[in-house]
>>> print(open('my_file_8.txt').read())   # compact mmCIF, C-alpha atoms
# COMPACT_ATOMS: atom_id res chain seq x y z
CA MET A 1493 -6.79 6.47 -22.08
CA GLN A 1494 -5.42 9.15 -24.38
CA LYS A 1495 -1.92 8.60 -23.03
CA LYS A 1496 -0.08 5.64 -21.56
CA THR A 1497 -0.58 6.50 -17.91
CA VAL A 1498 1.10 5.00 -14.86
CA PHE A 1499 -0.13 5.75 -11.35
CA VAL A 1500 2.50 5.26 -8.64
CA LEU A 1501 0.81 4.95 -5.25
CA GLY A 1502 2.24 5.44 -1.78
CA ALA A 1503 0.83 5.05 1.72
CA GLY A 1504 -0.98 8.39 1.48
CA VAL A 1505 -3.52 6.77 -0.85
CA SER A 1506 -4.14 3.62 1.20
CA MET A 1507 -4.79 5.75 4.29
CA GLN A 1508 -8.08 6.78 2.68
CA TYR A 1509 -9.24 3.20 2.96
CA GLY A 1510 -8.47 2.49 6.59
CA PHE A 1511 -4.80 1.52 6.37
CA PRO A 1512 -2.17 3.16 8.61
CA SER A 1513 0.58 5.51 7.53
CA GLY A 1514 4.15 4.38 8.16
CA ALA A 1515 4.27 6.13 11.53
CA GLU A 1516 0.83 4.80 12.51
CA LEU A 1517 1.89 1.27 11.61
CA VAL A 1518 4.82 1.49 14.02
CA ASP A 1519 2.55 2.86 16.76
CA ASN A 1520 -0.08 0.17 16.14
CA ILE A 1521 2.48 -2.62 16.38
CA CYS A 1522 3.91 -1.25 19.64
CA GLU A 1523 0.43 -0.89 21.12
CA GLU A 1524 -0.68 -4.37 20.03
CA LEU A 1525 2.44 -5.99 21.46
CA ALA A 1526 1.70 -4.42 24.82
CA LYS A 1527 -1.59 -6.25 25.24
CA SER A 1528 -2.80 -9.83 25.21
CA GLU A 1529 -5.84 -11.92 25.99
CA TYR A 1530 -3.59 -13.79 28.41
CA GLU A 1531 -0.87 -13.31 30.99
CA TYR A 1532 2.42 -15.13 30.61
CA LYS A 1533 4.91 -16.62 33.04
CA LEU A 1534 8.24 -18.38 32.74
CA HIS A 1535 7.87 -22.14 33.20
CA GLU A 1536 10.80 -24.54 32.80
CA GLY A 1537 12.64 -22.08 30.59
CA LYS A 1538 9.64 -21.28 28.37
CA TRP A 1539 7.05 -18.53 28.44
CA VAL A 1540 3.58 -20.05 28.77
CA LYS A 1541 0.09 -18.75 29.48
CA SER A 1542 -0.43 -18.33 33.21
CA HIS A 1543 -4.15 -19.01 32.90
CA TRP A 1544 -6.69 -19.97 30.28
CA ARG A 1545 -9.91 -18.24 29.40
CA SER A 1546 -13.00 -20.40 29.40
CA ASP A 1547 -13.69 -19.44 25.78
CA ASP A 1548 -10.11 -20.05 24.71
CA ASP A 1549 -9.73 -20.99 21.05
CA ILE A 1550 -7.31 -20.48 18.21
CA GLU A 1551 -9.44 -17.77 16.58
CA LEU A 1552 -9.32 -15.65 19.72
CA GLU A 1553 -5.55 -16.02 19.87
CA MET A 1554 -5.06 -15.09 16.22
CA ASN A 1555 -6.97 -11.82 16.61
CA CYS A 1556 -4.42 -10.55 19.12
CA LEU A 1557 -0.99 -9.83 17.62
CA ILE A 1558 1.19 -11.06 20.47
CA ASP A 1559 -0.86 -14.25 20.87
CA ALA A 1560 -0.75 -14.86 17.11
CA LEU A 1561 3.04 -14.53 17.16
CA LEU A 1562 3.23 -17.10 19.94
CA VAL A 1563 0.94 -19.47 18.02
CA LEU A 1564 3.47 -19.15 15.19
CA CYS A 1565 6.23 -20.12 17.65
CA PHE A 1566 7.99 -16.78 18.02
CA ASP A 1567 9.74 -16.46 21.38
CA TYR A 1568 7.97 -14.28 23.95
CA GLN A 1569 11.15 -12.56 25.14
CA GLU A 1570 12.21 -11.91 21.55
CA ILE A 1571 8.81 -10.32 20.89
CA GLN A 1572 9.30 -8.00 23.86
CA ARG A 1573 12.83 -7.13 22.73
CA PHE A 1574 11.46 -6.32 19.29
CA ARG A 1575 8.80 -4.05 20.77
CA GLU A 1576 11.32 -2.24 22.97
CA ARG A 1577 13.83 -1.78 20.16
CA ILE A 1578 11.34 -0.38 17.68
CA TYR A 1579 9.69 1.83 20.30
CA TYR A 1580 12.96 3.44 21.37
CA SER A 1581 14.23 3.74 17.80
CA ASP A 1582 11.52 6.42 17.44
CA THR A 1583 11.20 5.67 13.74
CA ASN A 1584 8.35 6.41 11.35
CA SER A 1585 9.17 3.41 9.16
CA ILE A 1586 9.20 -0.19 10.27
CA ASP A 1587 10.68 -1.09 6.87
CA SER A 1588 13.81 0.97 7.50
CA PHE A 1589 14.00 -0.38 11.07
CA LEU A 1590 13.93 -3.96 9.79
CA ARG A 1591 16.53 -3.15 7.16
CA ASN A 1592 18.90 -2.26 10.00
CA ASN A 1593 17.72 -5.06 12.32
CA LYS A 1594 17.54 -8.05 10.00
CA HIS A 1595 17.32 -10.57 12.85
CA PHE A 1596 13.81 -9.21 13.54
CA LYS A 1597 12.72 -9.47 9.89
CA ASP A 1598 10.40 -12.48 10.10
CA LEU A 1599 8.83 -11.26 13.32
CA GLY A 1600 8.41 -7.76 11.90
CA LYS A 1601 6.89 -8.93 8.62
CA THR A 1602 4.40 -11.06 10.53
CA ALA A 1603 3.46 -8.08 12.70
CA ILE A 1604 3.00 -5.90 9.60
CA SER A 1605 0.80 -8.54 7.97
CA HIS A 1606 -1.35 -8.93 11.08
CA ILE A 1607 -2.05 -5.20 11.39
CA LEU A 1608 -2.81 -4.74 7.69
CA ILE A 1609 -5.06 -7.80 7.37
CA LYS A 1610 -7.19 -6.46 10.22
CA ALA A 1611 -7.59 -3.24 8.20
CA GLU A 1612 -9.08 -5.03 5.17
CA GLN A 1613 -12.61 -3.65 5.51
CA GLU A 1614 -14.57 -3.47 2.27
CA VAL A 1615 -16.93 -0.85 3.68
CA ASP A 1616 -14.00 1.62 3.81
CA LEU A 1617 -13.56 1.33 0.05
CA PHE A 1618 -17.03 2.65 -0.66
CA LEU A 1619 -17.50 5.42 1.89
CA ARG A 1620 -18.30 8.57 -0.04
CA GLN A 1621 -16.32 10.76 2.35
CA LYS A 1622 -15.26 9.72 5.83
CA PHE A 1623 -15.02 13.22 7.31
CA GLN A 1624 -16.64 16.34 5.91
CA ASN A 1625 -14.42 18.83 7.76
CA LYS A 1626 -11.02 19.26 6.10
CA GLU A 1627 -9.60 20.54 9.38
CA HIS A 1628 -10.42 17.21 11.08
CA SER A 1629 -7.22 15.32 11.93
CA SER A 1630 -8.61 12.20 10.22
CA TYR A 1631 -9.90 13.96 7.11
CA VAL A 1632 -9.22 11.86 4.01
CA GLY A 1633 -11.35 13.62 1.41
CA PRO A 1634 -13.25 12.12 -1.50
CA SER A 1635 -12.07 8.76 -2.80
CA VAL A 1636 -9.10 8.70 -5.18
CA TYR A 1637 -10.13 5.28 -6.48
CA LYS A 1638 -13.66 6.51 -7.15
CA TYR A 1639 -12.39 9.51 -9.10
CA ILE A 1640 -10.08 7.38 -11.25
CA TRP A 1641 -12.94 4.92 -11.80
CA SER A 1642 -15.32 7.72 -12.84
CA GLN A 1643 -12.83 8.73 -15.54
CA MET A 1644 -12.33 5.13 -16.66
CA GLN A 1645 -16.04 4.48 -17.17
CA GLY A 1646 -16.27 6.49 -20.38
CA TYR A 1647 -13.45 4.53 -21.98
CA LEU A 1648 -14.81 1.24 -20.68
CA GLY A 1649 -18.25 1.96 -22.13
CA GLY A 1650 -16.79 2.48 -25.59
CA ALA A 1651 -14.50 -0.55 -25.50
CA LYS A 1652 -15.25 -3.75 -27.40
CA SER A 1653 -14.99 -5.77 -24.18
CA VAL A 1654 -13.73 -5.56 -20.61
CA LYS A 1655 -10.73 -7.62 -21.67
CA TYR A 1656 -9.91 -5.22 -24.53
CA PHE A 1657 -10.18 -2.22 -22.21
CA MET A 1658 -7.96 -3.75 -19.53
CA GLU A 1659 -5.30 -4.79 -22.01
CA SER A 1660 -5.16 -1.68 -24.18
CA GLN A 1661 -6.65 1.34 -22.38
CA CYS A 1662 -6.55 0.81 -18.62
CA PRO A 1663 -3.79 2.70 -16.79
CA LEU A 1664 -1.06 0.78 -15.02
CA PHE A 1665 -1.00 0.95 -11.22
CA VAL A 1666 2.37 0.63 -9.48
CA THR A 1667 1.96 0.47 -5.73
CA PHE A 1668 4.47 0.41 -2.90
CA ASN A 1669 1.69 -0.59 -0.51
CA TYR A 1670 1.22 -4.15 0.73
CA ASP A 1671 -2.57 -3.94 0.97
CA ARG A 1672 -4.95 -5.22 -1.70
CA SER A 1673 -7.45 -2.37 -1.71
CA LEU A 1674 -6.72 -1.63 -5.38
CA GLU A 1675 -7.58 -5.17 -6.45
CA GLN A 1676 -10.72 -5.30 -4.35
CA TYR A 1677 -12.11 -1.93 -5.38
CA PHE A 1678 -11.58 -2.21 -9.13
CA SER A 1679 -12.60 -5.87 -9.30
CA LYS A 1680 -15.79 -5.07 -7.42
CA VAL A 1681 -16.82 -2.00 -9.42
CA ILE A 1682 -16.06 -3.52 -12.83
CA MET A 1683 -17.88 -6.76 -12.00
CA ASN A 1684 -20.97 -4.84 -10.96
CA TYR A 1685 -20.84 -2.08 -13.57
CA CYS A 1686 -20.35 -4.49 -16.47
CA ASN A 1687 -22.40 -7.35 -14.99
CA ASN A 1688 -19.46 -9.60 -15.75
CA LYS A 1689 -17.47 -11.69 -13.29
CA SER A 1690 -15.60 -13.76 -15.84
CA GLY A 1691 -11.86 -13.36 -15.34
CA VAL A 1692 -12.09 -9.83 -13.90
CA ASP A 1693 -9.85 -10.68 -10.92
CA THR A 1694 -7.14 -11.84 -13.30
CA LEU A 1695 -7.51 -8.85 -15.62
CA ILE A 1696 -7.28 -6.40 -12.71
CA ALA A 1697 -4.21 -8.14 -11.32
CA SER A 1698 -2.56 -7.80 -14.74
CA ARG A 1699 -2.67 -3.99 -14.39
CA ILE A 1700 -1.28 -3.80 -10.84
CA ARG A 1701 2.36 -4.06 -9.82
CA HIS A 1702 3.10 -4.53 -6.12
CA VAL A 1703 6.73 -3.47 -5.91
CA HIS A 1704 7.27 -4.87 -2.42
CA GLY A 1705 4.76 -7.70 -2.65
CA CYS A 1706 1.32 -7.87 -1.07
CA LEU A 1707 -0.79 -9.70 1.51
CA GLY A 1708 -1.32 -12.81 -0.59
CA LEU A 1709 -3.25 -13.72 -3.73
CA HIS A 1710 -6.60 -11.94 -4.02
CA THR A 1711 -10.16 -12.80 -4.96
CA ALA A 1712 -13.15 -10.47 -4.88
CA ASP A 1713 -15.41 -13.44 -4.11
CA VAL A 1714 -16.49 -14.21 -0.56
CA VAL A 1715 -14.61 -17.50 -0.62
CA GLY A 1716 -11.50 -18.21 -2.66
CA PRO A 1717 -9.66 -21.38 -3.63
CA SER A 1718 -6.87 -22.67 -1.42
CA GLY A 1719 -4.12 -20.07 -1.00
CA VAL A 1720 -6.24 -17.24 -2.45
CA TRP A 1721 -7.67 -14.92 0.18
CA PRO A 1722 -10.85 -12.81 0.06
CA TYR A 1723 -10.66 -9.19 1.13
CA ASN A 1724 -11.65 -9.31 4.80
CA ASP A 1725 -10.15 -9.03 8.27
CA HIS A 1726 -10.30 -12.72 9.16
CA ILE A 1727 -6.96 -13.98 10.47
CA GLU A 1728 -5.90 -17.60 10.54
CA VAL A 1729 -2.51 -19.26 10.70
CA SER A 1730 -2.19 -20.15 7.01
CA ARG A 1731 -3.34 -16.73 5.86
CA LEU A 1732 -0.91 -14.90 8.14
CA GLN A 1733 1.96 -17.09 6.96
CA SER A 1734 0.97 -16.53 3.33
CA ALA A 1735 0.81 -12.76 3.81
CA CYS A 1736 4.18 -12.70 5.55
CA ASN A 1737 5.75 -14.66 2.70
CA GLY A 1738 4.14 -12.32 0.18
CA ILE A 1739 5.73 -9.07 1.34
CA ARG A 1740 9.26 -7.72 1.13
CA ILE A 1741 10.78 -4.89 3.11
CA ILE A 1742 13.00 -2.17 1.65
CA GLY A 1743 16.47 -3.57 1.23
CA ASP A 1744 15.33 -7.17 0.78
CA LYS A 1745 17.02 -8.76 -2.18
CA ASN A 1746 14.41 -8.95 -4.90
CA GLU A 1747 14.64 -12.52 -6.11
CA ASP A 1748 12.56 -11.78 -9.20
CA GLU A 1749 14.92 -9.63 -11.25
CA THR A 1750 12.67 -10.14 -14.26
CA PHE A 1751 9.86 -8.34 -12.42
CA VAL A 1752 12.07 -5.29 -11.81
CA ASP A 1753 13.35 -5.26 -15.40
CA ASN A 1754 9.80 -5.46 -16.77
CA LEU A 1755 8.61 -2.76 -14.37
CA ARG A 1756 11.36 -0.38 -15.46
CA SER A 1757 10.52 -1.07 -19.09
CA GLU A 1758 6.87 -0.19 -18.43
CA MET A 1759 7.88 3.00 -16.62
CA LEU A 1760 10.08 4.08 -19.54
CA GLN A 1761 7.29 3.40 -22.04
CA ALA A 1762 4.83 5.58 -20.12
CA GLU A 1763 3.81 8.95 -21.48
CA ARG A 1764 2.55 10.20 -18.14
CA ILE A 1765 3.54 9.11 -14.62
CA ILE A 1766 1.45 10.29 -11.67
CA PHE A 1767 2.74 9.89 -8.11
CA LEU A 1768 0.00 9.96 -5.46
CA GLY A 1769 0.52 9.88 -1.68
CA PHE A 1770 4.18 9.10 -2.32
CA ALA A 1771 7.16 9.94 -0.10
CA TYR A 1772 9.76 9.89 -2.92
CA HIS A 1773 12.26 7.65 -1.14
CA PRO A 1774 15.46 7.55 -3.27
CA ASP A 1775 15.59 3.73 -3.12
CA ASN A 1776 12.06 3.53 -4.50
CA LEU A 1777 12.84 5.88 -7.38
CA ARG A 1778 15.89 3.78 -8.25
CA THR A 1779 13.70 0.67 -8.23
CA LEU A 1780 11.31 2.32 -10.68
CA PHE A 1781 13.80 3.80 -13.13
CA GLY A 1782 17.17 2.12 -12.58
CA LYS A 1783 19.59 3.93 -14.87
CA GLY A 1784 16.91 4.70 -17.42
CA VAL A 1785 15.76 8.14 -18.52
CA THR A 1786 12.08 8.73 -19.20
CA LYS A 1787 10.44 11.22 -21.55
CA ALA A 1788 7.15 11.00 -19.65
CA GLN A 1789 5.45 13.93 -17.98
CA ILE A 1790 5.95 13.52 -14.22
CA PHE A 1791 3.20 14.59 -11.83
CA GLY A 1792 3.20 14.16 -8.07
CA THR A 1793 1.42 15.21 -4.90
CA THR A 1794 3.34 17.17 -2.28
CA TYR A 1795 0.77 17.24 0.53
CA GLY A 1796 2.32 18.58 3.74
CA MET A 1797 5.79 19.05 2.23
CA THR A 1798 7.87 22.20 2.67
CA GLN A 1799 9.23 24.20 -0.24
CA GLN A 1800 12.75 22.89 0.34
CA GLU A 1801 11.52 19.30 0.53
CA VAL A 1802 9.74 19.69 -2.81
CA TYR A 1803 12.83 21.18 -4.46
CA GLY A 1804 14.81 18.25 -3.08
CA VAL A 1805 12.38 15.83 -4.73
CA LYS A 1806 12.70 17.64 -8.06
CA ARG A 1807 16.48 17.40 -7.84
CA MET A 1808 16.21 13.63 -7.33
CA PHE A 1809 14.28 13.36 -10.59
CA GLU A 1810 17.01 15.12 -12.57
CA GLU A 1811 18.80 11.85 -13.30
CA TYR A 1812 15.62 10.19 -14.57
CA VAL A 1813 14.22 12.81 -16.99
CA THR A 1814 15.52 14.64 -20.06
CA HIS A 1815 14.03 18.09 -19.37
CA VAL A 1816 13.49 18.91 -15.69
CA ASN A 1817 11.58 22.17 -16.12
CA SER A 1818 9.14 21.00 -18.79
CA GLN A 1819 8.64 17.39 -17.67
CA ILE A 1820 8.13 17.67 -13.92
CA CYS A 1821 4.97 19.03 -12.31
CA ILE A 1822 5.80 18.58 -8.64
CA GLU A 1823 5.35 21.95 -6.99
CA PRO A 1824 5.39 23.43 -3.46
CA ASP A 1825 2.20 25.39 -4.10
CA HIS A 1826 0.33 22.08 -4.35
CA ASN A 1827 1.24 21.09 -0.79
CA GLU A 1828 -2.26 21.62 0.58
CA MET A 1829 -3.94 19.48 -2.08
CA THR A 1830 -5.10 15.96 -1.27
CA ALA A 1831 -4.48 13.33 -3.94
CA TYR A 1832 -8.09 13.69 -5.09
CA GLU A 1833 -7.81 17.47 -5.37
CA TYR A 1834 -4.49 17.19 -7.18
CA LEU A 1835 -5.96 14.84 -9.78
CA ARG A 1836 -8.91 17.15 -10.42
CA GLU A 1837 -7.03 20.44 -10.39
CA VAL A 1838 -3.69 19.57 -11.95
CA VAL A 1839 -3.86 16.34 -13.95
CA SER A 1840 -7.25 15.09 -15.17
CA PHE A 1841 -7.58 12.19 -17.58
CA GLY A 1842 -7.88 14.42 -20.58
CA VAL A 1843 -5.23 17.13 -20.85
CA SER A 1844 -3.41 18.46 -17.81
CA GLN A 1845 -3.04 22.16 -17.02
CA GLN A 1846 0.67 21.94 -17.75
CA GLU A 1847 0.13 20.11 -21.04
CA ALA A 1848 -2.52 22.63 -22.07
CA ALA A 1849 -0.05 25.45 -21.51
CA VAL A 1850 2.58 23.88 -23.80
>>> encode(input="my_file_8.txt", output="structure tokens")
Amino acid sequence: MQKKTVFVLGAGVSMQYGFPSGAELVDNICEELAKSEYEYKLHEGKWVKSHWRSDDDIELEMNCLIDALLVLCFDYQEIQRFRERIYYSDTNSIDSFLRNNKHFKDLGKTAISHILIKAEQEVDLFLRQKFQNKEHSSYVGPSVYKYIWSQMQGYLGGAKSVKYFMESQCPLFVTFNYDRSLEQYFSKVIMNYCNNKSGVDTLIASRIRHVHGCLGLHTADVVGPSGVWPYNDHIEVSRLQSACNGIRIIGDKNEDETFVDNLRSEMLQAERIIFLGFAYHPDNLRTLFGKGVTKAQIFGTTYGMTQQEVYGVKRMFEEYVTHVNSQICIEPDHNEMTAYEYLREVVSFGVSQQEAAV
């Protein structure tokens, strides 16, 4: 790349690939906790299945959220209290709910993991365009990953090796999403484009930072070694436990302070930072920059935001940049652009419109 580029990805990007938004995740959890393959009754102080299906097996139980939680020994009444509390909190963010209801944290993280694992569908990564009509409520537009990959190919073709490209020219991806769609997509396309599987998983992982953790270690292969999970929707006890242990909610104490320090250093070294599908939560910006001040050009999507909301975002950036007016390209007149459209119209991998005007 011509400049040291960092992409910061929010839920708006993962939605393209079949994952729920924050509000949809809350709705999905509430809906899943309201249904079960079984009925339950109180027996000697414990909630147990009132009847058994003839085809009863552990795999069937794990596919249903409430049954999976019971397999993992969560209390049935506690599960129902959790569902009621989150439903009537009327929140769009389960992370913020769990921050204020820490006693539900393990249950909530397991529920998050279950919903997101079931959304790991490789076919969604390679759909050219899910809906053609932009007015469709589920319109997601052309693939952001595909566009970034199309720009990377020219640099990759001229590089001495895949390893050299990944270490010296590939952009850095900082994601606040738990899912592993980034790893799967870029591992898959580079393996096939370069006809080279050797170490690609590891090289891709070296360019991705999951700020709040992710759903376990990743492999692009169909079967991975113990503790490393392929990208699919298969749920089993050990995988669900691994995913739950791999994610952190907002407000969790980050035990790896070195990770945060290194991340902030990488952010401050960047020459261009591009926020895509991001909600600009103040806590997340503090995680990225700390007390540092960056000289990088700041770009960011504002899809669906009002003019006042955009100006509020720009004010938040004032403490992290040296020159607000010249460094920040986050504008209200971009609020109808999808992430893909924003990249094409405003940024590009060569020279951005704003940079060209300087």
>>> closest_residue(input="my_file_8.txt", among="A:Ala1560, A:Met1644, A:Leu1517, A:Val1615", to="A:Gln1661", atoms="only C-alpha atoms")
A:Met1644
>>> closest_residue(input="my_file_8.txt", among="A:Arg1778, A:Lys1655, A:Arg1672, A:Arg1764", to="A:Val1752", atoms="all atoms listed in the file")
A:Arg1778
>>> closest_residue(input="my_file_8.txt", among="A:Ile1700, A:Val1681, A:Val1802, A:Met1829", to="A:Leu1755", atoms="all atoms listed in the file")
A:Ile1700
>>> residues_around(input="my_file_8.txt", residues="A:Gly1510", least_positions_apart="6", cutoff="12 Å", atoms="only C-alpha atoms", output="ChimeraX atom specification")
/A:1503-1504,1516-1517,1607-1619,1622,1630-1632,1635,1671-1673,1725
>>> closest_residue(input="my_file_8.txt", among="A:Ser1660, A:Ser1757, A:Gln1800, A:Asn1684", to="A:Ser1698", atoms="all atoms listed in the file")
A:Ser1660
>>> residues_around(input="my_file_8.txt", residues="A:Phe1809", least_positions_apart="4", cutoff="12 Å", atoms="all atoms listed in the file", output="ChimeraX atom specification")
/A:1772-1774,1776-1778,1780-1792,1802-1805,1813-1817,1819-1822
>>> residues_near_point(input="my_file_8.txt", point="(6.6, 19.6, -2.2)", cutoff="7 Å", atoms="all atoms listed in the file", output="ChimeraX atom specification")
/A:1794-1795,1797-1799,1801-1803,1822-1824,1827
>>> atom_distance(input="my_file_8.txt", atom1="atom CA of A:Gly1719", atom2="atom CA of A:Pro1512")
25.2 Å
